[in-house]
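Colleague: Shown below is the structure under consideration.
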Amino acid sequence: MWIEGDVTRVSLAPQTYDVWHDRAVFHFLATADERQAYIEKVLTSVKPGGYVIVATFAEDGPTQCSGLPVRRYSADELHSEFGAPFELLGHEKEKHHTPFGTLQKFVYCYCRKLR
């Protein structure tokens with residue numbers, strides 16, 4: 001199923017998804033309200049025991065992307081945004097080489113939703 005919409009506002013069925021994968025959306029959420037709305041979507045739409053994989057720019061990654069400001073995270077900072085309902089199972093760093101020849105440093109967090 002393909003869903004298109006603003007992740008902070010889109011309607012998602014509760015406890016439906018086994019896996020949530022985000023590569024490079026969360027770091028564009030500039031305000032605490034936007035990040036909390038995103039996390040609420042994950043909390044309500046992912047099944048208990050489901051997995052959440054989120055990739056953002058790392059703490060030493062770029063400060064902008066496509067001309068927009070971004071937030072950068074360490075693995076601990078990213079996991080703390082999501083909090084206790086998510087068990088951190090692992091994290092990795094990645095050096096992404098863009099088609100334009102630049103290097104973007106990412107951090108991935110792999111979690112399980114506990115409840």
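Each chain of the structure tokens is named A, B, ... in the order shown, its residues numbered from 1; ligands are numbered from 1 in display order.
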From a backbone DSSP assignment, name each residue in chain A labelled helix (DSSP H, G or I), as a list in words.
Modeller: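 After running DSSP on the backbone, chain A has helix (DSSP H, G or I) at Phe26, His27, Phe28, Ala32, Asp33, Glu34, Arg35, Gln36, Ala37, Tyr38, Ile39, Glu40, Lys41, Val42, Leu43, Thr44, Ser45, Ala75, Asp76, Glu77, Leu78, His79, Ser80, Glu81 and Phe82 of chain A.
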Colleague: Which neighbours of A:Tyr51 fall inside 9 Å, counting only C-alpha atoms, when residues of the same chain fewer than 3 positions from it are skipped, and could you give them as a PDB file with C-alpha atoms, in the first residue's frame?
Modeller:
ATOM      1  CA  TYR A  17       2.137  -1.806  10.606  1.00  0.00           C
ATOM      2  CA  ASP A  18       4.853  -4.304  11.495  1.00  0.00           C
ATOM      3  CA  VAL A  19       7.697  -2.065  10.300  1.00  0.00           C
ATOM      4  CA  TRP A  20       8.121   1.703  10.076  1.00  0.00           C
ATOM      5  CA  HIS A  21      11.079   2.825   7.978  1.00  0.00           C
ATOM      6  CA  VAL A  46       2.890   0.440  14.572  1.00  0.00           C
ATOM      7  CA  LYS A  47       1.800  -2.811  16.194  1.00  0.00           C
ATOM      8  CA  PRO A  48       3.163  -3.632  19.659  1.00  0.00           C
ATOM      9  CA  PHE A  86      10.813   2.143  22.009  1.00  0.00           C
ATOM     10  CA  TYR A 110      16.658   0.291  14.934  1.00  0.00           C
ATOM     11  CA  CYS A 111      14.019  -0.055  17.659  1.00  0.00           C
ATOM     12  CA  ARG A 112      11.163  -2.273  18.779  1.00  0.00           C
ATOM     13  CA  LYS A 113       7.902  -0.706  19.894  1.00  0.00           C
TER      14      LYS A 113
END
Colleague: Of the candidates A:Thr8, A:Thr63, A:Gln15, A:Ser45, which one gets nearest to A:Ala32 if we count only C-alpha atoms?
Modeller: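 Smallest distance to A:Ala32 is found for A:Thr8.
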Colleague: Can you pull out every residue within 10 Å of A:His96, counting only C-alpha atoms, but drop anything in the same chain fewer than 4 positions away, and send it as a ChimeraX atom specification?
Modeller: /A:101-106
Colleague: Convert the current residue selection to file output with C-alpha atoms, as an mmCIF file, in the first residue's frame.
Modeller:
data_model
loop_
_atom_site.group_PDB
_atom_site.id
_atom_site.type_symbol
_atom_site.label_atom_id
_atom_site.label_comp_id
_atom_site.auth_asym_id
_atom_site.auth_seq_id
_atom_site.Cartn_x
_atom_site.Cartn_y
_atom_site.Cartn_z
ATOM 1 C CA GLY A 101 29.914 14.149 -5.090
ATOM 2 C CA THR A 102 29.240 15.323 -1.533
ATOM 3 C CA LEU A 103 29.319 13.236 1.628
ATOM 4 C CA GLN A 104 26.364 13.110 4.019
ATOM 5 C CA LYS A 105 26.751 11.383 7.380
ATOM 6 C CA PHE A 106 23.666 9.557 8.674
#
Colleague: Which of these residues is nearest to A:Glu40, using only C-alpha atoms: A:Pro99, A:Val70, A:Phe57, A:Arg9?
Modeller: A:Arg9
Colleague: What's the 10 Å shell around A:Phe82, counting only C-alpha atoms, without same-chain residues fewer than 2 positions away, as a PyMOL selection string?
Modeller: chain A and resi 35-36+38-40+42-43+77-80+84-88+111+113
Colleague: Using the selection just defined, write its residues with C-alpha atoms as a compact mmCIF listing (two decimals), in the first residue's frame.
Modeller:
# COMPACT_ATOMS: atom_id res chain seq x y z
CA ARG A 35 8.44 15.81 16.11
CA GLN A 36 5.86 14.91 18.75
CA TYR A 38 5.39 12.25 14.09
CA ILE A 39 6.19 10.13 17.14
CA GLU A 40 2.48 9.90 18.00
CA VAL A 42 4.48 5.89 15.02
CA LEU A 43 3.09 5.03 18.46
CA GLU A 77 19.70 11.83 20.96
CA LEU A 78 17.53 10.25 18.28
CA HIS A 79 16.41 7.43 20.55
CA SER A 80 15.64 9.88 23.37
CA ALA A 84 10.67 4.66 26.65
CA PRO A 85 8.00 3.05 24.43
CA PHE A 86 10.81 2.14 22.01
CA GLU A 87 13.62 -0.28 22.85
CA LEU A 88 16.82 0.57 21.01
CA CYS A 111 14.02 -0.06 17.66
CA LYS A 113 7.90 -0.71 19.89
Colleague: Write out as a count of residues only all residues of chain A that DSSP puts in strand (DSSP E) for this structure's backbone.
Modeller: 46
Colleague: What does the distance between atom CA of A:Glu81 and atom CA of A:Gly67 come to in Å, to one decimal place?
Modeller: 24.2 Å
Colleague: Set the distance at 8 Å and use only C-alpha atoms: which residues neighbour A:Arg72 once local chain neighbours fewer than 5 positions away are removed? I'd like the list as an MDAnalysis selection string.
Modeller: chainID A and resid 27 56:63
Colleague: How many Å separate atom CA of A:Ser66 from atom CA of A:Ser11?
Modeller: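 It comes out at 26.9 Å.
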Colleague: For A:Gly49, which residue among A:Ala75, A:Lys95, A:Gly83, A:Thr16 is the nearest when counting only C-alpha atoms?
Modeller: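 Checking each of A:Ala75, A:Lys95, A:Gly83, A:Thr16 against A:Gly49, counting only C-alpha atoms, the winner is A:Thr16.
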